[in-house]
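Chemist: My questions all concern the structure below.
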Protein chains: 2
Amino acid sequence: MRTYLDCIPCFFKQALEAARIAGASKLGQKRILDELAKVFPKFPLASSPPEMGKTIYDLVKRMTKKSDPYAELKAKSNRLALNIYDKLKNKVDNSRSRLLMAVELAIAGNIIDYGVKNSLNVDMELSKILDEENRSIKKESKAIFDYKSFKDALNKSNMILYLADNAGETVFDRILIEEIKRIDENKNIIYAVKEKPVINDALIKDALICGISNMAKVISSGSDAPGTVLSLCSKSFLDLYNKADMVISKGQGNFEALSGSRRAVFFLFMAKCPVIAKDVGCEIGDIILSYYPEKIIEK
Amino acid sequence: MRTYLDCIPCFFKQALEAARIAGASKLGQKRILDELAKVFPKFPLASSPPEMGKTIYDLVKRMTKKSDPYAELKAKSNRLALNIYDKLKNKVDNSRSRLLMAVELAIAGNIIDYGVKNSLNVDMELSKILDEENRSIKKESKAIFDYKSFKDALNKSNMILYLADNAGETVFDRILIEEIKRIDENKNIIYAVKEKPVINDALIKDALICGISNMAKVISSGSDAPGTVLSLCSKSFLDLYNKADMVISKGQGNFEALSGSRRAVFFLFMAKCPVIAKDVGCEIGDIILSYYPEKIIEK
């Protein structure tokens, strides 16, 4: 997805939020915004928002001299999410369709902003998302929900590349990966996280803490943008990306980075901003399981 | 009110919106944002947001070569508001307290964003704001509502300076001014509008079209910021501002510009953004009739 003009005010909002989380003084926060003002006019709008995102978070890290401003938040997210692992597992055990529930929980993990809250009342948060009666994501929220294509692709795929989003959310991903392995334990699942700290995105250590490595091979994509920006990824990741039978991509950042990609990708996320909602053709707050089939490149 | 760091992303949002309303091309919109990026780092945060607002709207006018980008919207607002004048008057006639209803309608006029809509279903819009049963603004929305002080001040005041906000809203102001005159026809009311076009703020011609001049003397404040920034006002306006027995100030922009003023002012507006809500100590969407008594200046 290209960057829209409406993303520009939001870049300043994100920079300010990150500066605050990094503990910058008011003067420091202002300096970061002033610096962003110098940088963004040169940024080509044909690039995706996570590319500018990388610039913003690099700037915050450099100017606050904090290599991982969100470290504490990520640790807390992992802890809170691990605490409810059994509850999540229970939901899957008691559901009519284990895989569907696991997919929905994986998306719910992207919705619940447990990183920034002091405590996690998961039942309350999940009940907002899940319909209490059938414990499924409310129909009206599922604007785009290509579950059949997802299930079909899963059945046909052996090598599956799973692109992580945030720390903590990783526990929800583990639930889905465990269900995929339950269908066929020989499936080869690769779980790709970011290379270096950027916002609250999961790194290798978050994936390990959350217990992903028992079920999937954990790798870094090589990118430290808040989205899998292919031009920033390592050669070895790109080989896997092109070779994989199926790519499951979590979160808005990965959608922004990869929606223009040539290869087929399943995007699982909630539309959190008006720009994304317009681009996808849905409303803010809608749940998206969207299949972007392989693009035919005209020669 | 000083400018908060959170106002900076919003400045970009406002510039983009104004650029679009002025009919700028996408490239033109981007250029306006780039230009704002050059300007805002020099802007002192001790100044009030409408001072930066002036810079933004001047920039849009200059770069789009449109001296009054909101002219059509303002004309439509006046027309739509005038069409419902009889209905508003009827509400006052049928209310238990004419003055209270007129005050509430004057605030409602600030809430209803009739400028940007294609049609005005005033009953629907007003019923959102007014409680259907007693036709009064819902109690829970009245976070700060110093009506008693307002009424007391009104009784004691002869010369009243009324600071206008938007075109169209002027019709709602007329309703309140007519009630004030009904209490005492000898009260001297001065209705001050902006000097030059800025956003959809009312100018002298808007006040005349909306029929204010039958009840009040219409003047310009001399300021063309989207708020009565005293340092930009004319000498003759400042004399009136200092001399008036009572100042009634409409809208958020005037609050931002004057909340730090020495003299006593009654502010009537809805808190429309998180920065204002935090500054005032209320929630977004709250209705404010706030009395800022004369400040004691330490010598």
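Chain identifiers are assigned as A, B, and so on, following the order in which chains appear in the structure tokens; residues are numbered from 1 within each chain, and ligands are numbered from 1 in order of appearance.
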At a cut-off of 8 Å, list the chain A residues touching chain B, using only C-alpha atoms, as an MDAnalysis selection string.

Modeler: chainID A and resid 5:6 8:13 16 29:30 34 37:38 40:41

Chemist: Take the residues just selected and output them with N, CA and C atoms as a tab-separated table (two decimals), in the first residue's frame.

Modeler:
```tsv
chain	number	residue	atom	x	y	z
A	5	LEU	N	-1.67	10.97	1.81
A	5	LEU	CA	-1.40	12.26	2.48
A	5	LEU	C	-1.94	12.26	3.91
A	6	ASP	N	-3.04	11.54	4.13
A	6	ASP	CA	-3.61	11.46	5.48
A	6	ASP	C	-2.69	10.74	6.47
A	8	ILE	N	0.38	11.52	6.85
A	8	ILE	CA	1.39	12.47	7.34
A	8	ILE	C	1.06	13.00	8.74
A	9	PRO	N	-0.17	13.52	8.99
A	9	PRO	CA	-0.46	13.91	10.38
A	9	PRO	C	-0.24	12.75	11.35
A	10	CYS	N	-0.57	11.55	10.92
A	10	CYS	CA	-0.45	10.36	11.77
A	10	CYS	C	1.02	10.04	12.06
A	11	PHE	N	1.90	10.31	11.11
A	11	PHE	CA	3.34	10.10	11.37
A	11	PHE	C	3.78	10.96	12.57
A	12	PHE	N	3.28	12.20	12.61
A	12	PHE	CA	3.64	13.09	13.72
A	12	PHE	C	3.06	12.58	15.04
A	13	LYS	N	1.85	12.06	14.96
A	13	LYS	CA	1.20	11.50	16.15
A	13	LYS	C	2.00	10.30	16.67
A	16	LEU	N	5.30	11.38	18.25
A	16	LEU	CA	5.09	11.96	19.58
A	16	LEU	C	4.85	10.86	20.61
A	29	GLN	N	10.77	15.77	22.97
A	29	GLN	CA	9.63	15.40	22.11
A	29	GLN	C	9.48	16.40	20.96
A	30	LYS	N	9.60	17.69	21.32
A	30	LYS	CA	9.47	18.74	20.29
A	30	LYS	C	10.58	18.59	19.25
A	34	ASP	N	10.32	18.23	15.24
A	34	ASP	CA	11.03	19.16	14.34
A	34	ASP	C	11.89	18.38	13.35
A	37	ALA	N	9.88	16.82	10.72
A	37	ALA	CA	9.47	17.84	9.75
A	37	ALA	C	10.52	18.03	8.66
A	38	LYS	N	11.79	17.81	9.02
A	38	LYS	CA	12.86	17.94	8.02
A	38	LYS	C	12.88	16.74	7.08
A	40	PHE	N	10.26	14.18	6.46
A	40	PHE	CA	9.14	13.61	5.71
A	40	PHE	C	8.93	14.23	4.32
A	41	PRO	N	9.26	15.54	4.11
A	41	PRO	CA	9.02	16.05	2.75
A	41	PRO	C	9.81	15.31	1.66
```

Chemist: Show me, as a list of chain:residue names, the residues that have an atom within 9 Å of Asp58 (chain A) when counting only C-alpha atoms, minus same-chain residues fewer than 5 positions from it.

Modeler: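 Using only C-alpha atoms, the neighbours found are A:Gly53, A:Met63, A:Ser67, A:Val198.
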
Chemist: Please return as JSON, numbers by chain: the residues of region 141-208 of chain A that backbone DSSP assigns to helix (DSSP H, G or I).

Modeler: {"A": [141, 147, 148, 149, 150, 151, 152, 153, 154, 155, 156, 169, 170, 171, 172, 173, 174, 175, 176, 177, 178, 179, 180, 181, 182, 183, 204, 205, 206, 207, 208]}

Chemist: Take the selection from the previous step and output its residues with N, CA and C atoms, as a PDB file, in the first residue's frame.

Modeler:
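Full text of part_39.pdb as output:
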```
ATOM      1  N   SER A 141     -18.769  -7.703  12.110  1.00  0.00           N
ATOM      2  CA  SER A 141     -17.406  -7.165  12.084  1.00  0.00           C
ATOM      3  C   SER A 141     -16.580  -7.784  10.964  1.00  0.00           C
ATOM      4  N   TYR A 147     -12.407 -17.171   4.842  1.00  0.00           N
ATOM      5  CA  TYR A 147     -12.000 -18.333   5.631  1.00  0.00           C
ATOM      6  C   TYR A 147     -11.907 -19.594   4.781  1.00  0.00           C
ATOM      7  N   LYS A 148     -12.805 -19.715   3.801  1.00  0.00           N
ATOM      8  CA  LYS A 148     -12.785 -20.930   2.975  1.00  0.00           C
ATOM      9  C   LYS A 148     -11.474 -21.023   2.187  1.00  0.00           C
ATOM     10  N   SER A 149     -11.084 -19.907   1.571  1.00  0.00           N
ATOM     11  CA  SER A 149      -9.814 -19.897   0.828  1.00  0.00           C
ATOM     12  C   SER A 149      -8.663 -20.216   1.759  1.00  0.00           C
ATOM     13  N   PHE A 150      -8.738 -19.657   2.983  1.00  0.00           N
ATOM     14  CA  PHE A 150      -7.676 -19.874   3.967  1.00  0.00           C
ATOM     15  C   PHE A 150      -7.553 -21.362   4.294  1.00  0.00           C
ATOM     16  N   LYS A 151      -8.692 -21.996   4.546  1.00  0.00           N
ATOM     17  CA  LYS A 151      -8.723 -23.411   4.917  1.00  0.00           C
ATOM     18  C   LYS A 151      -8.236 -24.282   3.757  1.00  0.00           C
ATOM     19  N   ASP A 152      -8.698 -23.940   2.553  1.00  0.00           N
ATOM     20  CA  ASP A 152      -8.290 -24.694   1.365  1.00  0.00           C
ATOM     21  C   ASP A 152      -6.792 -24.593   1.162  1.00  0.00           C
ATOM     22  N   ALA A 153      -6.263 -23.357   1.284  1.00  0.00           N
ATOM     23  CA  ALA A 153      -4.826 -23.136   1.074  1.00  0.00           C
ATOM     24  C   ALA A 153      -4.026 -23.910   2.114  1.00  0.00           C
ATOM     25  N   LEU A 154      -4.517 -23.908   3.337  1.00  0.00           N
ATOM     26  CA  LEU A 154      -3.842 -24.596   4.435  1.00  0.00           C
ATOM     27  C   LEU A 154      -3.734 -26.093   4.137  1.00  0.00           C
ATOM     28  N   ASN A 155      -4.841 -26.658   3.647  1.00  0.00           N
ATOM     29  CA  ASN A 155      -4.845 -28.100   3.352  1.00  0.00           C
ATOM     30  C   ASN A 155      -3.833 -28.468   2.275  1.00  0.00           C
ATOM     31  N   LYS A 156      -3.649 -27.540   1.331  1.00  0.00           N
ATOM     32  CA  LYS A 156      -2.772 -27.836   0.190  1.00  0.00           C
ATOM     33  C   LYS A 156      -1.306 -27.505   0.470  1.00  0.00           C
ATOM     34  N   GLU A 169       1.059 -10.766  21.224  1.00  0.00           N
ATOM     35  CA  GLU A 169       0.202 -11.321  20.169  1.00  0.00           C
ATOM     36  C   GLU A 169       0.732 -12.689  19.736  1.00  0.00           C
ATOM     37  N   THR A 170       2.040 -12.848  19.917  1.00  0.00           N
ATOM     38  CA  THR A 170       2.739 -14.083  19.569  1.00  0.00           C
ATOM     39  C   THR A 170       2.109 -15.310  20.250  1.00  0.00           C
ATOM     40  N   VAL A 171       1.589 -15.131  21.469  1.00  0.00           N
ATOM     41  CA  VAL A 171       0.924 -16.239  22.176  1.00  0.00           C
ATOM     42  C   VAL A 171      -0.342 -16.657  21.423  1.00  0.00           C
ATOM     43  N   PHE A 172      -1.053 -15.664  20.892  1.00  0.00           N
ATOM     44  CA  PHE A 172      -2.263 -15.941  20.104  1.00  0.00           C
ATOM     45  C   PHE A 172      -1.890 -16.641  18.795  1.00  0.00           C
ATOM     46  N   ASP A 173      -0.753 -16.240  18.225  1.00  0.00           N
ATOM     47  CA  ASP A 173      -0.266 -16.899  17.003  1.00  0.00           C
ATOM     48  C   ASP A 173       0.065 -18.364  17.298  1.00  0.00           C
ATOM     49  N   ARG A 174       0.651 -18.589  18.473  1.00  0.00           N
ATOM     50  CA  ARG A 174       1.019 -19.955  18.871  1.00  0.00           C
ATOM     51  C   ARG A 174      -0.210 -20.856  18.882  1.00  0.00           C
ATOM     52  N   ILE A 175      -1.334 -20.319  19.368  1.00  0.00           N
ATOM     53  CA  ILE A 175      -2.587 -21.091  19.398  1.00  0.00           C
ATOM     54  C   ILE A 175      -2.969 -21.534  17.979  1.00  0.00           C
ATOM     55  N   LEU A 176      -2.863 -20.599  17.031  1.00  0.00           N
ATOM     56  CA  LEU A 176      -3.214 -20.939  15.642  1.00  0.00           C
ATOM     57  C   LEU A 176      -2.218 -21.937  15.059  1.00  0.00           C
ATOM     58  N   ILE A 177      -0.949 -21.698  15.324  1.00  0.00           N
ATOM     59  CA  ILE A 177       0.080 -22.605  14.782  1.00  0.00           C
ATOM     60  C   ILE A 177      -0.109 -24.019  15.354  1.00  0.00           C
ATOM     61  N   GLU A 178      -0.457 -24.108  16.624  1.00  0.00           N
ATOM     62  CA  GLU A 178      -0.703 -25.426  17.228  1.00  0.00           C
ATOM     63  C   GLU A 178      -1.867 -26.141  16.553  1.00  0.00           C
ATOM     64  N   GLU A 179      -2.886 -25.372  16.166  1.00  0.00           N
ATOM     65  CA  GLU A 179      -4.026 -25.991  15.466  1.00  0.00           C
ATOM     66  C   GLU A 179      -3.634 -26.456  14.075  1.00  0.00           C
ATOM     67  N   ILE A 180      -2.798 -25.659  13.417  1.00  0.00           N
ATOM     68  CA  ILE A 180      -2.340 -26.060  12.077  1.00  0.00           C
ATOM     69  C   ILE A 180      -1.537 -27.360  12.183  1.00  0.00           C
ATOM     70  N   LYS A 181      -0.681 -27.439  13.189  1.00  0.00           N
ATOM     71  CA  LYS A 181       0.131 -28.640  13.402  1.00  0.00           C
ATOM     72  C   LYS A 181      -0.743 -29.839  13.800  1.00  0.00           C
ATOM     73  N   ARG A 182      -1.872 -29.564  14.456  1.00  0.00           N
ATOM     74  CA  ARG A 182      -2.799 -30.612  14.887  1.00  0.00           C
ATOM     75  C   ARG A 182      -3.460 -31.265  13.659  1.00  0.00           C
ATOM     76  N   ILE A 183      -3.693 -30.425  12.626  1.00  0.00           N
ATOM     77  CA  ILE A 183      -4.264 -30.942  11.375  1.00  0.00           C
ATOM     78  C   ILE A 183      -3.251 -31.855  10.692  1.00  0.00           C
ATOM     79  N   ILE A 204      12.969 -12.140  17.897  1.00  0.00           N
ATOM     80  CA  ILE A 204      13.182 -13.590  18.113  1.00  0.00           C
ATOM     81  C   ILE A 204      12.958 -13.966  19.578  1.00  0.00           C
ATOM     82  N   LYS A 205      13.491 -13.155  20.487  1.00  0.00           N
ATOM     83  CA  LYS A 205      13.363 -13.542  21.906  1.00  0.00           C
ATOM     84  C   LYS A 205      11.901 -13.550  22.375  1.00  0.00           C
ATOM     85  N   ASP A 206      11.075 -12.671  21.811  1.00  0.00           N
ATOM     86  CA  ASP A 206       9.651 -12.686  22.172  1.00  0.00           C
ATOM     87  C   ASP A 206       8.995 -13.984  21.705  1.00  0.00           C
ATOM     88  N   ALA A 207       9.359 -14.402  20.492  1.00  0.00           N
ATOM     89  CA  ALA A 207       8.793 -15.647  19.952  1.00  0.00           C
ATOM     90  C   ALA A 207       9.213 -16.827  20.825  1.00  0.00           C
ATOM     91  N   LEU A 208      10.465 -16.811  21.272  1.00  0.00           N
ATOM     92  CA  LEU A 208      10.959 -17.913  22.107  1.00  0.00           C
ATOM     93  C   LEU A 208      10.251 -17.925  23.458  1.00  0.00           C
TER      94      LEU A 208
END
```

Chemist: Using CA of Lys74 (chain A) and CA of Ala102 (chain A) as the two end points, give the distance in Å to one decimal.

Modeler: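 Interatomic distance here is 22.3 Å.
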
Chemist: Apply DSSP to the structure's backbone, then extract all residues of region 90-235 of chain A labelled strand (DSSP E) and return them as a PDB file with C-alpha atoms, in the first residue's frame.

Modeler:
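This went into selection_33.pdb:
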```
ATOM      1  CA  ILE A 144     -13.869  -9.449   4.559  1.00  0.00           C
ATOM      2  CA  PHE A 145     -13.380 -12.967   5.851  1.00  0.00           C
ATOM      3  CA  MET A 159       5.660 -24.976   3.885  1.00  0.00           C
ATOM      4  CA  ILE A 160       3.900 -22.088   5.609  1.00  0.00           C
ATOM      5  CA  LEU A 161       5.527 -18.728   6.326  1.00  0.00           C
ATOM      6  CA  TYR A 162       3.848 -16.903   9.210  1.00  0.00           C
ATOM      7  CA  LEU A 163       4.697 -13.195   9.571  1.00  0.00           C
ATOM      8  CA  ASN A 188       6.726 -26.978   8.017  1.00  0.00           C
ATOM      9  CA  ILE A 189       5.910 -23.658   9.678  1.00  0.00           C
ATOM     10  CA  ILE A 190       8.345 -20.759   9.729  1.00  0.00           C
ATOM     11  CA  TYR A 191       7.582 -17.863  12.066  1.00  0.00           C
ATOM     12  CA  ALA A 192       9.269 -14.629  10.971  1.00  0.00           C
ATOM     13  CA  VAL A 193       9.770 -11.709  13.356  1.00  0.00           C
ATOM     14  CA  LYS A 217      11.119 -22.469  13.135  1.00  0.00           C
ATOM     15  CA  VAL A 218      11.648 -18.912  14.357  1.00  0.00           C
ATOM     16  CA  ILE A 219      13.573 -16.596  12.041  1.00  0.00           C
ATOM     17  CA  SER A 220      14.102 -12.879  11.506  1.00  0.00           C
TER      18      SER A 220
END
```

Chemist: Hey, what's within 10 Å of Asn166 (chain B) if we count only C-alpha atoms and toss same-chain stuff fewer than 5 positions away? As a list in words, please?

Modeler: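 Residues near the query, excluding close chain neighbours: Lys74, Ser77, Asn78, Gly109, Asn110, Asp113, Gly115, Val171, Val193, Lys194, Val198, Ile199, Asn200, Asp201, Ala202, Leu203, Asp206, Ala207, Pro226, Lys250 and Gly251 of chain B.
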
Chemist: Record the distance separating CA of Gly28 (chain B) and CA of Thr3 (chain A), expressed in Å with one decimal.

Modeler: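 Rounded to one decimal, the two atoms are 16.0 Å apart.
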